[in-house]
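Participant: My structure is in my_file.txt, and what it holds is compact mmCIF, C-alpha atoms:
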```
# COMPACT_ATOMS: atom_id res chain seq x y z
CA MET K 278 0.00 0.00 0.00
CA LYS K 279 0.98 3.64 -0.33
CA ILE K 280 0.60 6.81 1.67
CA GLY K 281 -1.11 9.76 0.01
CA ARG K 282 -2.80 13.06 0.71
CA VAL K 283 -6.25 13.93 -0.60
CA SER K 284 -5.96 16.97 -2.88
CA GLY K 285 -9.16 16.91 -4.87
CA THR K 286 -12.08 15.02 -6.30
CA VAL K 287 -13.09 13.82 -9.75
CA VAL K 288 -16.70 14.03 -10.85
CA ALA K 289 -17.96 11.86 -13.69
CA THR K 290 -21.41 10.94 -14.95
CA VAL K 291 -20.54 8.51 -17.73
CA GLN K 292 -18.42 5.85 -16.06
CA ALA K 293 -18.15 2.13 -15.39
CA PRO K 294 -21.07 1.10 -13.13
CA VAL K 295 -18.76 0.14 -10.25
CA PHE K 296 -18.00 3.85 -9.72
CA ASP K 297 -21.61 5.03 -9.57
CA GLY K 298 -22.40 6.53 -6.17
CA ARG K 299 -18.77 6.38 -5.06
CA ARG K 300 -16.45 9.31 -4.37
CA LEU K 301 -13.31 9.53 -6.47
CA LEU K 302 -10.43 11.23 -4.72
CA ILE K 303 -7.27 12.64 -6.23
CA CYS K 304 -4.52 11.53 -3.87
CA ASP K 305 -1.00 12.93 -4.11
CA LEU K 306 1.51 10.21 -3.33
CA LEU K 307 3.90 11.02 -0.48
CA ASP K 308 7.46 9.97 0.19
CA ILE K 309 8.66 8.65 3.51
CA ASP K 310 9.03 12.19 4.90
CA GLY K 311 5.50 13.15 3.90
CA ASN K 312 6.51 15.26 0.90
CA GLU K 313 4.68 15.04 -2.41
CA THR K 314 6.42 12.83 -4.95
CA GLY K 315 4.71 14.46 -7.94
CA SER K 316 2.70 11.34 -8.70
CA TYR K 317 -0.96 10.84 -7.86
CA LEU K 318 -3.73 8.27 -8.00
CA ILE K 319 -7.44 8.59 -8.51
CA ALA K 320 -8.88 6.32 -5.83
CA VAL K 321 -12.33 5.28 -4.67
CA ASP K 322 -13.07 6.42 -1.13
CA ALA K 323 -13.96 3.55 1.19
CA VAL K 324 -13.51 5.35 4.52
CA GLY K 325 -14.96 8.85 4.23
CA ALA K 326 -11.66 10.67 3.77
CA GLY K 327 -11.70 14.44 3.32
CA ALA K 328 -9.57 17.17 1.79
CA ASP K 329 -5.94 17.36 2.93
CA GLU K 330 -6.16 14.17 4.97
CA THR K 331 -3.28 11.72 4.87
CA VAL K 332 -4.59 8.38 3.68
CA LEU K 333 -3.62 4.76 3.19
CA LEU K 334 -3.96 3.78 -0.46
CA LEU K 335 -4.44 0.36 -1.94
CA ASP K 336 -3.42 -0.04 -5.60
CA GLU K 337 -4.20 -3.65 -6.41
CA GLY K 338 -7.22 -5.00 -8.20
CA THR K 339 -8.19 -8.17 -6.37
CA SER K 340 -8.29 -6.45 -2.98
CA ALA K 341 -10.07 -3.45 -4.49
CA ARG K 342 -12.81 -5.69 -5.84
CA GLN K 343 -13.22 -7.29 -2.42
CA ILE K 344 -13.82 -3.87 -0.91
CA VAL K 345 -16.43 -2.79 -3.44
CA GLU K 346 -17.89 -6.32 -3.45
CA GLN K 347 -18.06 -6.47 -7.22
CA ASP K 348 -16.20 -8.88 -9.46
CA PRO K 349 -15.35 -8.33 -12.23
CA ALA K 350 -14.91 -4.57 -11.92
CA PRO K 351 -12.29 -2.29 -13.52
CA ILE K 352 -11.02 -0.83 -10.26
CA ARG K 353 -7.58 -0.79 -8.67
CA ALA K 354 -7.06 2.14 -6.34
CA VAL K 355 -9.02 2.51 -3.10
CA VAL K 356 -8.55 4.74 -0.05
CA VAL K 357 -8.65 2.19 2.74
CA GLY K 358 -7.55 4.21 5.76
CA ILE K 359 -7.01 7.65 7.25
CA VAL K 360 -3.50 7.88 8.67
CA ASP K 361 -3.15 9.33 12.15
CA GLU K 362 0.59 9.07 12.38
CA VAL K 363 3.62 7.52 10.72
CA VAL K 364 6.47 6.77 13.09
CA LEU K 365 9.86 6.04 11.57
CA ALA K 366 12.43 3.99 13.42
CA GLY K 367 15.83 5.50 14.07
CA MET A 38 -6.59 5.27 -11.89
CA GLN A 39 -5.27 8.34 -13.69
CA LEU A 40 -6.48 11.29 -15.69
CA GLY A 41 -6.02 11.29 -19.45
CA ARG A 42 -7.03 13.13 -22.57
CA VAL A 43 -8.29 11.29 -25.65
CA VAL A 44 -6.02 12.42 -28.47
CA GLY A 45 -6.97 10.02 -31.22
CA THR A 46 -8.55 6.81 -32.35
CA VAL A 47 -6.87 3.56 -33.34
CA VAL A 48 -8.30 1.24 -35.94
CA ALA A 49 -6.98 -2.30 -36.37
CA SER A 50 -8.80 -4.69 -38.62
CA THR A 51 -6.64 -7.66 -37.66
CA LYS A 52 -6.89 -8.23 -33.92
CA ALA A 53 -6.37 -10.94 -31.32
CA ALA A 54 -9.37 -13.06 -30.45
CA GLY A 55 -11.78 -11.26 -28.15
CA LEU A 56 -10.98 -7.77 -29.40
CA ASP A 57 -13.64 -7.64 -32.11
CA GLY A 58 -15.93 -4.70 -31.47
CA VAL A 59 -13.58 -3.14 -28.92
CA LYS A 60 -13.01 0.57 -29.61
CA PHE A 61 -9.42 1.73 -29.12
CA LEU A 62 -8.47 5.30 -28.34
CA MET A 63 -5.11 7.01 -28.02
CA VAL A 64 -4.92 8.48 -24.53
CA GLN A 65 -2.34 10.97 -23.25
CA PRO A 66 -1.82 10.51 -19.48
CA LEU A 67 -2.09 13.77 -17.51
CA ASP A 68 -0.94 14.99 -14.14
CA LYS A 69 -3.54 16.40 -11.77
CA ALA A 70 -3.05 19.87 -13.26
CA ARG A 71 -3.91 18.28 -16.62
CA ARG A 72 -0.43 18.63 -18.06
CA ASP A 73 0.89 15.81 -20.27
CA ILE A 74 3.01 13.21 -18.52
CA GLY A 75 4.79 10.38 -20.31
CA SER A 76 3.84 8.81 -23.60
CA PRO A 77 0.34 8.22 -24.92
CA VAL A 78 -1.14 4.76 -24.52
CA VAL A 79 -3.72 2.87 -26.53
CA ALA A 80 -6.71 2.26 -24.28
CA ALA A 81 -9.92 0.35 -24.85
CA ASP A 82 -13.04 2.44 -24.40
CA GLY A 83 -14.68 0.81 -21.38
CA VAL A 84 -17.58 3.27 -21.34
CA ALA A 85 -18.23 3.02 -25.10
CA ALA A 86 -18.82 6.76 -25.20
CA ALA A 87 -15.47 8.55 -25.08
CA GLY A 88 -14.21 10.59 -28.02
CA PRO A 89 -11.27 12.75 -29.07
CA GLY A 90 -10.66 15.81 -26.88
CA GLU A 91 -12.40 14.42 -23.83
CA LEU A 92 -10.94 14.33 -20.34
CA VAL A 93 -11.24 10.79 -19.00
CA TYR A 94 -9.98 8.59 -16.23
CA PHE A 95 -8.50 5.24 -17.04
CA VAL A 96 -7.25 2.13 -15.32
CA GLY A 97 -4.17 0.11 -16.20
CA SER A 98 -2.96 -3.48 -15.97
CA ARG A 99 -5.15 -6.55 -15.48
CA GLU A 100 -8.08 -4.50 -14.20
CA ALA A 101 -8.46 -2.80 -17.59
CA ALA A 102 -9.89 -5.93 -19.16
CA GLN A 103 -12.58 -5.98 -16.51
CA ALA A 104 -14.06 -2.81 -17.99
CA MET A 105 -15.02 -4.77 -21.07
CA PRO A 106 -18.22 -6.82 -21.57
CA ASP A 107 -16.01 -9.93 -21.75
CA PRO A 108 -13.49 -9.52 -18.92
CA PHE A 109 -11.06 -12.07 -20.39
CA VAL A 110 -9.67 -10.00 -23.23
CA PRO A 111 -6.10 -8.90 -23.93
CA VAL A 112 -6.44 -5.25 -22.88
CA ASP A 113 -4.02 -3.41 -20.55
CA HIS A 114 -5.49 0.11 -20.40
CA ALA A 115 -9.16 1.03 -20.39
CA ILE A 116 -11.11 4.25 -20.09
CA VAL A 117 -13.55 3.79 -17.21
CA GLY A 118 -15.05 7.29 -16.89
CA ILE A 119 -15.56 10.59 -18.70
CA VAL A 120 -14.62 13.42 -16.35
CA ASP A 121 -17.16 16.22 -15.83
CA ALA A 122 -15.07 18.15 -13.33
CA VAL A 123 -11.87 18.01 -11.30
CA GLU A 124 -12.17 19.87 -8.02
CA GLU A 125 -8.93 20.70 -6.29
CA SER A 126 -9.02 21.25 -2.58
CA SER A 127 -5.75 23.13 -2.32
```
Could you express the structure from this file as structure tokens?

Facilitator:
Amino acid sequence: MKIGRVSGTVVATVQAPVFDGRRLLICDLLDIDGNETGSYLIAVDAVGAGADETVLLLDEGTSARQIVEQDPAPIRAVVVGIVDEVVLAG
Amino acid sequence: MQLGRVVGTVVASTKAAGLDGVKFLMVQPLDKARRDIGSPVVAADGVAAAGPGELVYFVGSREAAQAMPDPFVPVDHAIVGIVDAVEESS
């Protein structure tokens, strides 16, 4: 999984049915120090994450389909947690 | 998933089994500010409604095939939504 920060939302009307009624979040990917890497993911929100929150991102299809309980479904990225704290050793 | 812009169409009359009837579009991946990043990819149109000039979001890898009516097709990128709006929170 990856750590990201919610920086926006994507709104779409014409889309694969699995996305209907779900929030799509633009999540900036963060490096180990919490800085933006320049990459991002569009992820389905499974936890009610809001703007500027640090989140735990899943980017793998089989697990994503388990979360949305649809299979097959063309989905990979899901916000699966809101991060309170990252503690680095040493 | 990622943002992209449809920049063209691809026609191939000789295709691998399972690809008959699949519409292929040339998609330029975009960063969240909608600037071009990397090289364009050929993506199947998983919503059967996307056209040149449109802002879309697409999924890559194995999950792309699952956007198609037959999920066991050789497709590695698929458009899964036509973007109405991108709302940035910061």

Participant: Can you check which residues of chain K have any atom within 7 Å of chain A? Use all atoms listed in the file and format it as a list of chain:residue names.

Facilitator: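 Residues satisfying the distance criterion: K:Ser284, K:Gly285, K:Thr286, K:Val287, K:Val288, K:Ala289, K:Thr290, K:Val291, K:Gln292, K:Ala293, K:Leu318, K:Ile319, K:Ala320, K:Ala328, K:Gly338, K:Pro349, K:Ala350, K:Pro351, K:Ile352, K:Arg353, K:Ala354.
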
Participant: Excluding same-chain residues fewer than 6 positions from range 362-365 of chain K, what lies within 10 Å of it counting all atoms listed in the file, as a PyMOL selection string?

Facilitator: chain K and resi 280+309-311+331

Participant: Print the selection's residues with C-alpha atoms to a file, as a PDB file, in the coordinates of the input.

Facilitator:
```pdb
ATOM      1  CA  ILE K 280       0.600   6.810   1.670  1.00  0.00           C
ATOM      2  CA  ILE K 309       8.660   8.650   3.510  1.00  0.00           C
ATOM      3  CA  ASP K 310       9.030  12.190   4.900  1.00  0.00           C
ATOM      4  CA  GLY K 311       5.500  13.150   3.900  1.00  0.00           C
ATOM      5  CA  THR K 331      -3.280  11.720   4.870  1.00  0.00           C
TER       6      THR K 331
END
```

Participant: I want to know what sits within 7 Å of Asp305 in chain K, based on all atoms listed in the file, with residues of the same chain fewer than 5 positions away left out; could you give that as a short mmCIF file (atom, residue, chain, number, x, y, z; two decimals) with C-alpha atoms, in the coordinates of the input?

Facilitator:
```
data_model
loop_
_atom_site.label_atom_id
_atom_site.label_comp_id
_atom_site.auth_asym_id
_atom_site.auth_seq_id
_atom_site.Cartn_x
_atom_site.Cartn_y
_atom_site.Cartn_z
CA GLY K 281 -1.11 9.76 0.01
CA ARG K 282 -2.80 13.06 0.71
CA VAL K 283 -6.25 13.93 -0.60
CA SER K 284 -5.96 16.97 -2.88
CA GLU K 313 4.68 15.04 -2.41
CA SER K 316 2.70 11.34 -8.70
CA TYR K 317 -0.96 10.84 -7.86
CA LEU K 318 -3.73 8.27 -8.00
#
```

Participant: Within 10 Å of Leu62 in chain A, counting all atoms listed in the file, which residues qualify if same-chain residues fewer than 2 places away don't, as an MDAnalysis selection string?

Facilitator: chainID A and resid 42:48 59:60 64:65 77:82 87:89 114:116

Participant: Please report the interatomic distance between CA of Val332 in chain K and CA of Ser76 in chain A in Å with one decimal.

Facilitator: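 Going from CA of Val332 in chain K over to CA of Ser76 in chain A covers 28.6 Å.
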
Participant: Mind filling out range 302-338 of chain K with N, CA and C atoms and sending it as a PDB file, in the frame of the given file?

Facilitator:
```
ATOM      1  N   LEU K 302     -11.341  10.258  -5.310  1.00  0.00           N
ATOM      2  CA  LEU K 302     -10.430  11.230  -4.720  1.00  0.00           C
ATOM      3  C   LEU K 302      -9.123  11.278  -5.488  1.00  0.00           C
ATOM      4  N   ILE K 303      -8.631  12.490  -5.719  1.00  0.00           N
ATOM      5  CA  ILE K 303      -7.270  12.640  -6.230  1.00  0.00           C
ATOM      6  C   ILE K 303      -6.346  12.623  -5.026  1.00  0.00           C
ATOM      7  N   CYS K 304      -5.431  11.686  -5.006  1.00  0.00           N
ATOM      8  CA  CYS K 304      -4.520  11.530  -3.870  1.00  0.00           C
ATOM      9  C   CYS K 304      -3.088  11.722  -4.352  1.00  0.00           C
ATOM     10  N   ASP K 305      -2.419  12.739  -3.829  1.00  0.00           N
ATOM     11  CA  ASP K 305      -1.000  12.930  -4.110  1.00  0.00           C
ATOM     12  C   ASP K 305      -0.218  11.875  -3.348  1.00  0.00           C
ATOM     13  N   LEU K 306       0.698  11.214  -4.020  1.00  0.00           N
ATOM     14  CA  LEU K 306       1.510  10.210  -3.330  1.00  0.00           C
ATOM     15  C   LEU K 306       2.620  10.912  -2.544  1.00  0.00           C
ATOM     16  N   LEU K 307       2.909  10.394  -1.365  1.00  0.00           N
ATOM     17  CA  LEU K 307       3.900  11.020  -0.480  1.00  0.00           C
ATOM     18  C   LEU K 307       5.116  10.122  -0.326  1.00  0.00           C
ATOM     19  N   ASP K 308       6.259  10.753  -0.114  1.00  0.00           N
ATOM     20  CA  ASP K 308       7.460   9.970   0.190  1.00  0.00           C
ATOM     21  C   ASP K 308       7.523   9.709   1.697  1.00  0.00           C
ATOM     22  N   ILE K 309       8.580   9.093   2.112  1.00  0.00           N
ATOM     23  CA  ILE K 309       8.660   8.650   3.510  1.00  0.00           C
ATOM     24  C   ILE K 309       8.657   9.819   4.492  1.00  0.00           C
ATOM     25  N   ASP K 310       9.053  11.010   4.024  1.00  0.00           N
ATOM     26  CA  ASP K 310       9.030  12.190   4.900  1.00  0.00           C
ATOM     27  C   ASP K 310       7.731  12.979   4.793  1.00  0.00           C
ATOM     28  N   GLY K 311       6.789  12.475   4.015  1.00  0.00           N
ATOM     29  CA  GLY K 311       5.500  13.150   3.900  1.00  0.00           C
ATOM     30  C   GLY K 311       5.469  14.232   2.842  1.00  0.00           C
ATOM     31  N   ASN K 312       6.501  14.275   1.990  1.00  0.00           N
ATOM     32  CA  ASN K 312       6.510  15.260   0.900  1.00  0.00           C
ATOM     33  C   ASN K 312       5.885  14.652  -0.356  1.00  0.00           C
ATOM     34  N   GLU K 313       5.284  15.507  -1.166  1.00  0.00           N
ATOM     35  CA  GLU K 313       4.680  15.040  -2.410  1.00  0.00           C
ATOM     36  C   GLU K 313       5.759  14.516  -3.358  1.00  0.00           C
ATOM     37  N   THR K 314       5.467  13.396  -4.005  1.00  0.00           N
ATOM     38  CA  THR K 314       6.420  12.830  -4.950  1.00  0.00           C
ATOM     39  C   THR K 314       6.206  13.369  -6.356  1.00  0.00           C
ATOM     40  N   GLY K 315       5.056  14.002  -6.585  1.00  0.00           N
ATOM     41  CA  GLY K 315       4.710  14.460  -7.940  1.00  0.00           C
ATOM     42  C   GLY K 315       3.778  13.506  -8.646  1.00  0.00           C
ATOM     43  N   SER K 316       3.634  12.288  -8.123  1.00  0.00           N
ATOM     44  CA  SER K 316       2.700  11.340  -8.700  1.00  0.00           C
ATOM     45  C   SER K 316       1.374  11.390  -7.934  1.00  0.00           C
ATOM     46  N   TYR K 317       0.340  10.866  -8.531  1.00  0.00           N
ATOM     47  CA  TYR K 317      -0.960  10.840  -7.860  1.00  0.00           C
ATOM     48  C   TYR K 317      -1.724   9.616  -8.323  1.00  0.00           C
ATOM     49  N   LEU K 318      -2.793   9.332  -7.612  1.00  0.00           N
ATOM     50  CA  LEU K 318      -3.730   8.270  -8.000  1.00  0.00           C
ATOM     51  C   LEU K 318      -5.135   8.817  -7.868  1.00  0.00           C
ATOM     52  N   ILE K 319      -6.016   8.362  -8.729  1.00  0.00           N
ATOM     53  CA  ILE K 319      -7.440   8.590  -8.510  1.00  0.00           C
ATOM     54  C   ILE K 319      -7.953   7.323  -7.837  1.00  0.00           C
ATOM     55  N   ALA K 320      -8.496   7.480  -6.632  1.00  0.00           N
ATOM     56  CA  ALA K 320      -8.880   6.320  -5.830  1.00  0.00           C
ATOM     57  C   ALA K 320     -10.317   6.451  -5.341  1.00  0.00           C
ATOM     58  N   VAL K 321     -10.978   5.318  -5.228  1.00  0.00           N
ATOM     59  CA  VAL K 321     -12.330   5.280  -4.670  1.00  0.00           C
ATOM     60  C   VAL K 321     -12.237   5.395  -3.156  1.00  0.00           C
ATOM     61  N   ASP K 322     -13.096   6.218  -2.570  1.00  0.00           N
ATOM     62  CA  ASP K 322     -13.070   6.420  -1.130  1.00  0.00           C
ATOM     63  C   ASP K 322     -13.901   5.349  -0.424  1.00  0.00           C
ATOM     64  N   ALA K 323     -13.244   4.576   0.433  1.00  0.00           N
ATOM     65  CA  ALA K 323     -13.960   3.550   1.190  1.00  0.00           C
ATOM     66  C   ALA K 323     -14.086   3.897   2.667  1.00  0.00           C
ATOM     67  N   VAL K 324     -13.551   5.049   3.076  1.00  0.00           N
ATOM     68  CA  VAL K 324     -13.510   5.350   4.520  1.00  0.00           C
ATOM     69  C   VAL K 324     -14.041   6.739   4.886  1.00  0.00           C
ATOM     70  N   GLY K 325     -14.481   7.511   3.918  1.00  0.00           N
ATOM     71  CA  GLY K 325     -14.960   8.850   4.230  1.00  0.00           C
ATOM     72  C   GLY K 325     -13.853   9.862   4.427  1.00  0.00           C
ATOM     73  N   ALA K 326     -12.796   9.746   3.632  1.00  0.00           N
ATOM     74  CA  ALA K 326     -11.660  10.670   3.770  1.00  0.00           C
ATOM     75  C   ALA K 326     -12.008  12.036   3.189  1.00  0.00           C
ATOM     76  N   GLY K 327     -11.418  13.082   3.772  1.00  0.00           N
ATOM     77  CA  GLY K 327     -11.700  14.440   3.320  1.00  0.00           C
ATOM     78  C   GLY K 327     -10.456  15.139   2.821  1.00  0.00           C
ATOM     79  N   ALA K 328     -10.651  16.372   2.366  1.00  0.00           N
ATOM     80  CA  ALA K 328      -9.570  17.170   1.790  1.00  0.00           C
ATOM     81  C   ALA K 328      -8.404  17.292   2.757  1.00  0.00           C
ATOM     82  N   ASP K 329      -7.205  17.180   2.214  1.00  0.00           N
ATOM     83  CA  ASP K 329      -5.940  17.360   2.930  1.00  0.00           C
ATOM     84  C   ASP K 329      -5.618  16.257   3.934  1.00  0.00           C
ATOM     85  N   GLU K 330      -6.471  15.249   4.028  1.00  0.00           N
ATOM     86  CA  GLU K 330      -6.160  14.170   4.970  1.00  0.00           C
ATOM     87  C   GLU K 330      -5.103  13.242   4.379  1.00  0.00           C
ATOM     88  N   THR K 331      -4.273  12.712   5.262  1.00  0.00           N
ATOM     89  CA  THR K 331      -3.280  11.720   4.870  1.00  0.00           C
ATOM     90  C   THR K 331      -3.961  10.354   4.900  1.00  0.00           C
ATOM     91  N   VAL K 332      -3.815   9.623   3.813  1.00  0.00           N
ATOM     92  CA  VAL K 332      -4.590   8.380   3.680  1.00  0.00           C
ATOM     93  C   VAL K 332      -3.698   7.202   3.291  1.00  0.00           C
ATOM     94  N   LEU K 333      -4.241   6.023   3.571  1.00  0.00           N
ATOM     95  CA  LEU K 333      -3.620   4.760   3.190  1.00  0.00           C
ATOM     96  C   LEU K 333      -4.283   4.315   1.888  1.00  0.00           C
ATOM     97  N   LEU K 334      -3.451   4.086   0.870  1.00  0.00           N
ATOM     98  CA  LEU K 334      -3.960   3.780  -0.460  1.00  0.00           C
ATOM     99  C   LEU K 334      -3.615   2.360  -0.870  1.00  0.00           C
ATOM    100  N   LEU K 335      -4.618   1.692  -1.374  1.00  0.00           N
ATOM    101  CA  LEU K 335      -4.440   0.360  -1.940  1.00  0.00           C
ATOM    102  C   LEU K 335      -4.403   0.525  -3.452  1.00  0.00           C
ATOM    103  N   ASP K 336      -3.473  -0.125  -4.136  1.00  0.00           N
ATOM    104  CA  ASP K 336      -3.420  -0.040  -5.600  1.00  0.00           C
ATOM    105  C   ASP K 336      -3.253  -1.437  -6.165  1.00  0.00           C
ATOM    106  N   GLU K 337      -4.260  -2.242  -5.974  1.00  0.00           N
ATOM    107  CA  GLU K 337      -4.200  -3.650  -6.410  1.00  0.00           C
ATOM    108  C   GLU K 337      -5.630  -4.125  -6.623  1.00  0.00           C
ATOM    109  N   GLY K 338      -5.858  -4.743  -7.771  1.00  0.00           N
ATOM    110  CA  GLY K 338      -7.220  -5.000  -8.200  1.00  0.00           C
ATOM    111  C   GLY K 338      -8.025  -5.995  -7.385  1.00  0.00           C
TER     112      GLY K 338
END
```
